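Chemist: If you scroll down you'll find the structure; I have some questions about it.
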Amino acid sequence: MSHSTIQRWLDAWGYQADGGLYFSSAEVHALHAYRKEVQELLNPEGLIHASAVFDVDGVPTVCFIEDDGTLAEDAIALDRIREKIWNQNLISVVLVVGEDNALAVPVNRQELQPELVKFSQASESGIYSQRDLQSGDVFRRHPAWFAPDERVDHDLLRNLRRMVEELVDVGIRKPDAQYLMAQVLFISYLECRNIIGDKYRAKHQIGRLGELVSAHDRTGITRLLTQLKEDFNGDFLESETGGYLLWNELQDEALTRLDQFLSRTDLETGQKSFWHYDFRFIPVELISGIYESFLSEEKSEVGAYYTPRNLANFVVDQAFINSENILEEYIYDGACGSGILLTTAYRRMLSFAESRQGSPLHFNERRKLLEEHIFGSDLNESACRVTVFSLYLSMLEGLQPADIAELQDNDNVKLPSLGEKNIVGGAKRGDFFSKDNPHASGHRFTLFLSNPPWVEPKKDQVLSSDHWANVQKIKIPRRQTAGAFMLRARECLAPNGQVCMILPVSILAAPTSKKFLKLWLDHYRLDKLINFGDLRKLLFSTAKSPGMVLTARPRPDVSIGQIPGEETFEYWVPKADISFAFGRLTLHGSDRNTLQTTALQQDQELLTTLFWGSERDVATITTLRLNGTLVDLIGRKGSCPARKGFHRKDSSIDDPVSTKPLRNMPFLNAKQLAVDGPILDQSLLSSFPEEIETAARLPDNLMAAFAGPKIIFTDGVSNTRQIRAAFSNKAFSFTSSIGVIGGSPSDEPLLRFVATYLHSNLAQYVLLLTAYQLNFDRERISLTDIKKLPFVHPDQHTDSVRAWEIVHAIADLTYQEDNQELLRQPFDMSKCNTLIMEYFGLTRAERSRVKEVTDNIAPYLQPGSVIGLATPLQKRPTNNQINGFTAALHNEFDVWRKKRGGIGDISITVSVDSQKQCGPLGIVRIEPAIRDKKEGDSKVVTASDSQLVNTLLTRLNQEGLLPLVLQRNLQLATDAVIRKGDVIYLVKPLLSRFWLRSEAYRDAKRIVRFILSSNTNREVWW
C-alpha cells in the first residue's frame, strides 16, 4: 500500500492539506490543544498507526488508517485499535481505507456495525467527505455513533460512582471511598505509562495494583502506597482519615468488586465491557476533570462545578491567544479545584516549548517550567492534592526513560514540592480572600485563569468573600462569590496581566447585577465575552445559571472609571449545534458582535437581546417602548395595578386575619394552573381549602381584585416559552404564588386585550430578546419583565379610534372562547396576532421577523441532550426561508444606500447545493443591478444547482479568493466576505439558522463595513 492510496481517497473526499489535515507529528501546530494526542495517533512507532488525522475547529474528528486488506478482515485487530482511540476521547470516526473500499467505523461502541464505502461512491460532497464531517451530516445519519454516554469519560465516571456506592454499602465513608478510587485512577495511570515500571517495582519490592487487589493483598497495597507517597513528596492522594488504613479495612467483597472494576467489568450489568480503560491513552487532564466531576455532588453545594475538557481547552485557547510567548506567562488559579485548567495550560506550555526546541524537554526543564509558572490555591486540600498529582503526571508524561526509578538514579532528578509552594490548600492559605494566601496579592502574575465558585450563600451563611467585600465597601449582587473573585483578581495581577475566567452569566447579565457591571467595567477593560447560554444544559447541567468566558485586563489605577467612548469588546454568542456531538465548541461568524463598552455599561439588556437578535431588533424594541410600556397600565400609578394573591404567613405580621371572606369563593391552586390560551379554564377552580384558616392580610384592593375582572399569571412559562397568563371575570381567590392584574368592570375589554397580547407572538418576541431569566436562567418571566413590554393605552394611541376598534375586536374573540363548551379547541391566535401587529404599528419586515423568532427560535432554546441538538434550526432551510433572507438582505442594502446618499440598485443571486449533497452550501452573489432598471427592481433569484456551487467555489479558490483556512470549512464559512471587482460573495452553510432575517442584517452590515474599508477590488475578509 503506497502513500498515493490514502491521498487518492483524501482527494476524492475533498480533504484539504491546509485545512486541518495532518500526516505527521511535525505538521501539528505548537499551540494545538490536542497536539500530543494527534502525535500519538500518527506515531509510526506507536500502537495506532494512523496515516492521517483531520480536525475540525481544532478537535481531532476523523483518523484514516491504510489497510492492505488484512485489517478490514480482522475484527479483533480493528477493535484493538478502536479501543485505544476510544480511550483518547477525541476521534469520532475511523476510516480504514484500502485500494477499492473503505470501512467507516464508529469509535464508541463495538456492536455498532461499520459502513462499507466503495471508491466509486467517494466524492467531495458525499458520505465521509470533509464537508460531511464538518457539517455534522454524519451525525444525522448515525446518531448512535455519537452517544455521549458511550464515551470513555462518561463510562469511567459511571463506573466510578457505582464503585463508590458499593464501598459505601460495606461501611466506608463516601469521602474516603472517593479518595480511594482516586488512588486507583492515578496508580493505574502511573503503571500504564510505565512511570512506575519493572525497575521501580523490583527496586522497592512492590507489585502491580491490579495483581495486589486480585490477591486481596492488603499489606502489599499498603507498601505500594507508602512508597508512592515517599517518592512524590507526600503529595500522593489520601483521605483525611488515612489512605492506608482504608485499604486494610476493606472487606473481601469490596476488593472483589475493585478487581472487577480494574478488569473492566461493567459494575451495573456485571458483564465484561467491550473496551478496557487504557491509561496510556487517557490524557491526564481528562482524569483530573473526571475526578472533579466525581466530586461534583459535594462541590455544587459551594458553587463549584466540573469544567469539561473541551471547555478547559477552549478557555486556555482564549487565555493564550494574544500572548507573545506563552512560556513567559505566570499563571495563577485562585480556585483551582482538581486542576484541570492549570493542567491544560501546563501541558500546552510543554507542547509549545518542545515544538519550538525541536526535541523533548529534559526533566529539569519541565520541572523549572512548572515550578516557576504554575500556581494555584483552593479551600479544598484534597482537591489541591489532585491538582499537584495531575501536574506531576503531566511533567513525567512522555519522558525517556519513563520509569521513575531510572530517573531517580540521577541525583539531580527530584520531584518538586508543589504542595508547599505552588499549590496551596486549606481554609487559611488556600482561601483566595485570606491575607495568608501567598499568591492572592503582590501583582506578580500575568494570567489569572480560573473557574471560581458560583455560590450565592444563604442569609445565615457568611463567607470569606463577604468579609472581603465588606472591607472593600463593595456590594456584590446576590453575594455571588464569583463577583468577588472578579474584583479581587486585580490584586494578584501584574500591570500587563489579564484575567480569563469561567463565570455564571448572571454576574453580568442579570438585572440585579447592573451596578456591579458598571463598577467592574470601571476597573477592567473587557476584551472578549463569550456567552454559552444556549449550551447551559450541555456544559453545566447541574448549574442554575449558564456559563460564560471572559478575558479582560485591569485598567491602570489612574484610568479607573475612565472608559474611552471608542472602546469596544467582542461579544460572542455560540449556539448549541451538531458540532457539540463531536466534542467541539463551534463559533460561527454570525455569532460574533462588536459592542461599545459604554453602551454595555448603560444598558446590560444588550447581552440578552444580541444573543439571538441583532441591532435591528434592538432598534425595533426601543422604538416600540418609546410610546410606553405596560408599567403605565399595571404599575403602582396605573389604572390596573399588579399585585400578588394572599400570603398564608408573613413573619412581620403578628396578628393574621381569618380567611372567612374567601371561603364561599372558588379557589385556584397554582400547582393546577394550566394555560393554553388567554382565557382561564373555569374547570381549574375548586373549593377553598379547609386547612387554610388564616392569611397574613386581606386588604380591600386585593379583595376587589379577587372579585372583579382580572388577568392572573405565574412566574413560570409554558413549554413554548410563553407567559402563563389568563383572563377571567369570575370571582375566585388564590395565594401569592399567583400574580394578578385587576381592574374595574369597565376595564374588562382592555384586560381581555392585554391578556391576549401577553400570549401574542409580539410579546413572546420581545420577551425572548429582553428577559434575562427566560434566556439564561430558570426559564421564568418576572413581573418586571412583563412591565417592560411595549404598550400604549388606546386613549394615547396615535389613532385612538382604530386602537379601540382593535381592542374590542380582540375582546369579542375572547368572549367567543368564554362561551364555548369545556371541551374546546385551543384558542386560535392567528387573527389576534394580526390585529396586535397592527395595533403596535409594525412594518411588514418587522412582522416577518417577529414570526421568525417565535416559530424558529423560541421552541428550540437550550437543548437538553446531544440528540436534542438536531433541531429545525440545524436543518436545511426552505425556499421560503432563503427568499425571506434574500429579501431582507436587499432591504438592508437599500437602507444603507439611502443613509450614505448612494444611487442605483443591486442584484442578488443565490445558488444552493442539491438535497443529495453532504454539508450543502449556499453562495450569495451580490452585484450592481443593470443601470437602466428602476430603483427597487432588483434581481432576486434562488437556484438549486450543486454543479454551479462547486464551479463557483473552484473558481474562487483558483483565483486566490478563498482564504486557505476557509476552504470549504463550513464552521468558518460565514466569516468570509469575498470580493472580486464589483461582485461580493457570501458562502453560507445550508442550515436554517444562517438564513434568518437577523442574519441578513448582520451580513449586510459586515459587507458595507468591508467595502468602506476596502482598498482594492480583490479581497477577502472574515
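By convention here, the chains of the C-alpha cells are called A, B, ... in the order presented, each chain's residues are numbered starting at 1, and ligands are numbered starting at 1 in the order presented.
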Could you pull the residues within 7 Å of region 769-776 of chain A, counting only C-alpha atoms, minus those fewer than 4 positions along the same chain, as a VMD selection string?

Modeler: chain A and resid 509 to 510 533 545 to 546 605 608 to 609 612 to 613 765 780 to 781 785

Chemist: Among region 594-807 of chain A, which ones does DSSP place in strand (DSSP E or B), written as a PyMOL selection string?

Modeler: chain A and resi 594-596+629+642-644+646+657-658+667+679+686+694-695+710-717+723-728+733+735+739-742+780+790

Chemist: Write to file, as a short mmCIF file (atom, residue, chain, number, x, y, z; two decimals), in the first residue's frame, the residues of the selection just made, with N, CA, C and O atoms.

Modeler:
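Output (again-v9.cif):
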```
data_model
loop_
_atom_site.label_atom_id
_atom_site.label_comp_id
_atom_site.auth_asym_id
_atom_site.auth_seq_id
_atom_site.Cartn_x
_atom_site.Cartn_y
_atom_site.Cartn_z
N THR A 594 -19.52 43.12 17.93
CA THR A 594 -18.59 44.10 18.49
C THR A 594 -19.42 45.21 19.13
O THR A 594 -20.23 45.85 18.45
N LEU A 595 -19.23 45.42 20.44
CA LEU A 595 -20.03 46.39 21.18
C LEU A 595 -19.15 47.44 21.82
O LEU A 595 -18.00 47.17 22.19
N GLN A 596 -19.71 48.62 21.99
CA GLN A 596 -19.02 49.66 22.75
C GLN A 596 -19.16 49.37 24.25
O GLN A 596 -20.22 49.00 24.73
N THR A 629 -44.87 51.57 28.03
CA THR A 629 -44.74 50.16 28.40
C THR A 629 -45.90 49.79 29.33
O THR A 629 -46.65 50.65 29.79
N ALA A 642 -50.71 45.73 39.32
CA ALA A 642 -50.44 44.30 39.53
C ALA A 642 -50.07 44.06 40.99
O ALA A 642 -49.44 44.90 41.64
N ARG A 643 -50.47 42.92 41.50
CA ARG A 643 -50.12 42.54 42.88
C ARG A 643 -50.14 41.01 42.97
O ARG A 643 -50.49 40.32 42.00
N LYS A 644 -49.78 40.49 44.12
CA LYS A 644 -49.81 39.05 44.36
C LYS A 644 -51.07 38.67 45.13
O LYS A 644 -51.73 39.52 45.74
N PHE A 646 -52.99 36.33 48.22
CA PHE A 646 -52.80 36.47 49.67
C PHE A 646 -51.64 35.59 50.17
O PHE A 646 -51.39 34.50 49.63
N VAL A 657 -55.24 37.34 59.78
CA VAL A 657 -56.70 37.52 59.72
C VAL A 657 -57.36 36.21 59.28
O VAL A 657 -56.72 35.33 58.70
N SER A 658 -58.63 36.10 59.55
CA SER A 658 -59.39 34.91 59.17
C SER A 658 -59.63 34.90 57.65
O SER A 658 -59.79 35.96 57.03
N PHE A 667 -61.51 28.71 44.53
CA PHE A 667 -60.07 28.86 44.78
C PHE A 667 -59.29 28.31 43.59
O PHE A 667 -59.68 27.30 42.98
N ILE A 679 -57.79 32.87 27.96
CA ILE A 679 -58.97 32.77 28.83
C ILE A 679 -58.80 31.61 29.79
O ILE A 679 -58.46 30.50 29.39
N SER A 686 -61.59 25.28 42.25
CA SER A 686 -62.05 24.28 43.22
C SER A 686 -62.54 25.00 44.48
O SER A 686 -62.49 26.23 44.58
N THR A 694 -56.17 31.00 58.11
CA THR A 694 -55.80 32.41 58.26
C THR A 694 -54.91 32.84 57.10
O THR A 694 -54.31 32.02 56.40
N ALA A 695 -54.84 34.15 56.93
CA ALA A 695 -53.94 34.76 55.93
C ALA A 695 -53.26 35.94 56.59
O ALA A 695 -53.76 36.48 57.59
N LYS A 710 -59.98 40.27 35.79
CA LYS A 710 -58.55 40.23 36.13
C LYS A 710 -57.78 39.34 35.16
O LYS A 710 -58.34 38.49 34.47
N ILE A 711 -56.49 39.57 35.17
CA ILE A 711 -55.54 38.68 34.49
C ILE A 711 -54.69 38.04 35.58
O ILE A 711 -54.09 38.75 36.39
N ILE A 712 -54.65 36.73 35.62
CA ILE A 712 -53.78 36.06 36.59
C ILE A 712 -52.57 35.51 35.83
O ILE A 712 -52.65 35.17 34.65
N PHE A 713 -51.44 35.42 36.54
CA PHE A 713 -50.21 34.96 35.89
C PHE A 713 -49.27 34.36 36.93
O PHE A 713 -49.39 34.63 38.14
N THR A 714 -48.35 33.53 36.47
CA THR A 714 -47.31 32.96 37.34
C THR A 714 -45.95 33.26 36.72
O THR A 714 -45.84 33.65 35.56
N ASP A 715 -44.89 33.04 37.52
CA ASP A 715 -43.54 33.33 37.05
C ASP A 715 -43.09 32.36 35.96
O ASP A 715 -42.27 32.70 35.11
N GLY A 716 -43.58 31.13 36.02
CA GLY A 716 -43.13 30.13 35.06
C GLY A 716 -43.64 30.40 33.66
O GLY A 716 -44.52 31.25 33.43
N VAL A 717 -43.09 29.68 32.70
CA VAL A 717 -43.52 29.82 31.31
C VAL A 717 -44.03 28.47 30.81
O VAL A 717 -43.77 27.42 31.40
N ILE A 723 -45.87 33.36 28.28
CA ILE A 723 -46.34 33.72 29.62
C ILE A 723 -47.55 32.87 30.00
O ILE A 723 -48.45 32.66 29.19
N ARG A 724 -47.54 32.38 31.22
CA ARG A 724 -48.69 31.64 31.73
C ARG A 724 -49.65 32.65 32.36
O ARG A 724 -49.63 32.89 33.56
N ALA A 725 -50.47 33.26 31.51
CA ALA A 725 -51.40 34.29 31.96
C ALA A 725 -52.76 34.02 31.34
O ALA A 725 -52.86 33.50 30.23
N ALA A 726 -53.83 34.38 32.06
CA ALA A 726 -55.18 34.15 31.55
C ALA A 726 -56.14 35.15 32.19
O ALA A 726 -55.98 35.55 33.34
N PHE A 727 -57.16 35.51 31.41
CA PHE A 727 -58.19 36.45 31.89
C PHE A 727 -59.38 35.67 32.45
O PHE A 727 -59.73 34.59 31.97
N SER A 728 -60.02 36.27 33.45
CA SER A 728 -61.28 35.74 33.96
C SER A 728 -62.08 36.88 34.59
O SER A 728 -61.50 37.78 35.21
N SER A 733 -60.29 33.22 44.57
CA SER A 733 -59.10 33.66 45.30
C SER A 733 -57.93 32.76 44.97
O SER A 733 -58.08 31.69 44.36
N THR A 735 -53.39 32.17 46.26
CA THR A 735 -52.29 32.58 47.13
C THR A 735 -51.28 33.44 46.37
O THR A 735 -51.43 33.70 45.16
N GLY A 739 -49.86 35.93 40.54
CA GLY A 739 -49.99 37.37 40.46
C GLY A 739 -51.30 37.74 39.78
O GLY A 739 -51.91 36.93 39.08
N VAL A 740 -51.71 38.97 39.98
CA VAL A 740 -52.98 39.40 39.40
C VAL A 740 -52.87 40.84 38.91
O VAL A 740 -52.25 41.69 39.54
N ILE A 741 -53.49 41.09 37.77
CA ILE A 741 -53.67 42.45 37.24
C ILE A 741 -55.16 42.69 37.24
O ILE A 741 -55.91 42.09 36.45
N GLY A 742 -55.64 43.49 38.15
CA GLY A 742 -57.09 43.67 38.33
C GLY A 742 -57.57 45.02 37.90
O GLY A 742 -56.80 45.99 37.86
N ARG A 780 -38.08 31.49 33.41
CA ARG A 780 -39.23 32.11 34.04
C ARG A 780 -39.32 33.57 33.58
O ARG A 780 -38.36 34.12 33.03
N PRO A 790 -43.68 46.57 25.59
CA PRO A 790 -44.24 47.77 24.96
C PRO A 790 -45.76 47.80 25.11
O PRO A 790 -46.44 46.77 24.97
#
```

Chemist: If we count only C-alpha atoms and set the cut-off at 10 Å, which residues sit around Leu369 (chain A), ignoring sequence neighbours fewer than 2 positions away in its own chain? Please answer as a PyMOL selection string.

Modeler: chain A and resi 327-328+330+346+349-350+353+364-367+371-374+395

Chemist: Quick one: pull the distance between CA of Gly398 (chain A) and CA of Pro44 (chain A), Å, one decimal.

Modeler: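 Distance reported for this atom pair: 15.8 Å.
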
Chemist: By how many Å are CA of Asn761 (chain A) and CA of Arg844 (chain A) apart?

Modeler: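 Atom-to-atom, CA of Asn761 (chain A) and CA of Arg844 (chain A) are spaced 14.3 Å apart.
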
Chemist: Restricting the calculation to only C-alpha atoms: of A:Ser120, A:Ser188, A:Asn669, A:Thr756, which residue gets closest to Phe734 (chain A)?

Modeler: A:Asn669

Chemist: Could you pull out the helix (DSSP H, G or I) residues of region 635-845 of chain A, going by DSSP on the backbone, and write them as number ranges by chain?

Modeler: A: 660-662, 670-672, 682-684, 700-707, 745-758, 761-770, 772-776, 783-787, 794-796, 800-819, 830-839, 844-845

Chemist: Write out as a PDB file with C-alpha atoms, in the first residue's frame the residues lying within 10 Å of Leu600 (chain A), counting only C-alpha atoms and excluding same-chain residues fewer than 3 positions away.

Modeler:
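Written output follows (part_0.pdb):
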```pdb
ATOM      1  CA  LEU A 508     -23.039  40.460  34.394  1.00  0.00           C
ATOM      2  CA  ALA A 509     -26.348  39.911  32.593  1.00  0.00           C
ATOM      3  CA  LYS A 514     -26.379  46.355  36.792  1.00  0.00           C
ATOM      4  CA  LEU A 517     -21.320  45.561  35.975  1.00  0.00           C
ATOM      5  CA  LYS A 518     -20.691  49.306  35.902  1.00  0.00           C
ATOM      6  CA  LEU A 521     -16.110  47.833  33.805  1.00  0.00           C
ATOM      7  CA  THR A 568     -15.114  48.171  22.187  1.00  0.00           C
ATOM      8  CA  PHE A 569     -15.153  44.490  23.077  1.00  0.00           C
ATOM      9  CA  LEU A 595     -20.035  46.390  21.178  1.00  0.00           C
ATOM     10  CA  GLN A 596     -19.022  49.662  22.752  1.00  0.00           C
ATOM     11  CA  THR A 597     -18.080  49.275  26.400  1.00  0.00           C
ATOM     12  CA  ASP A 603     -27.737  49.018  29.029  1.00  0.00           C
ATOM     13  CA  GLN A 604     -26.891  45.449  30.080  1.00  0.00           C
ATOM     14  CA  GLU A 605     -30.035  44.227  28.306  1.00  0.00           C
ATOM     15  CA  LEU A 606     -27.864  44.224  25.166  1.00  0.00           C
ATOM     16  CA  LEU A 607     -26.307  40.949  26.362  1.00  0.00           C
TER      17      LEU A 607
END
```
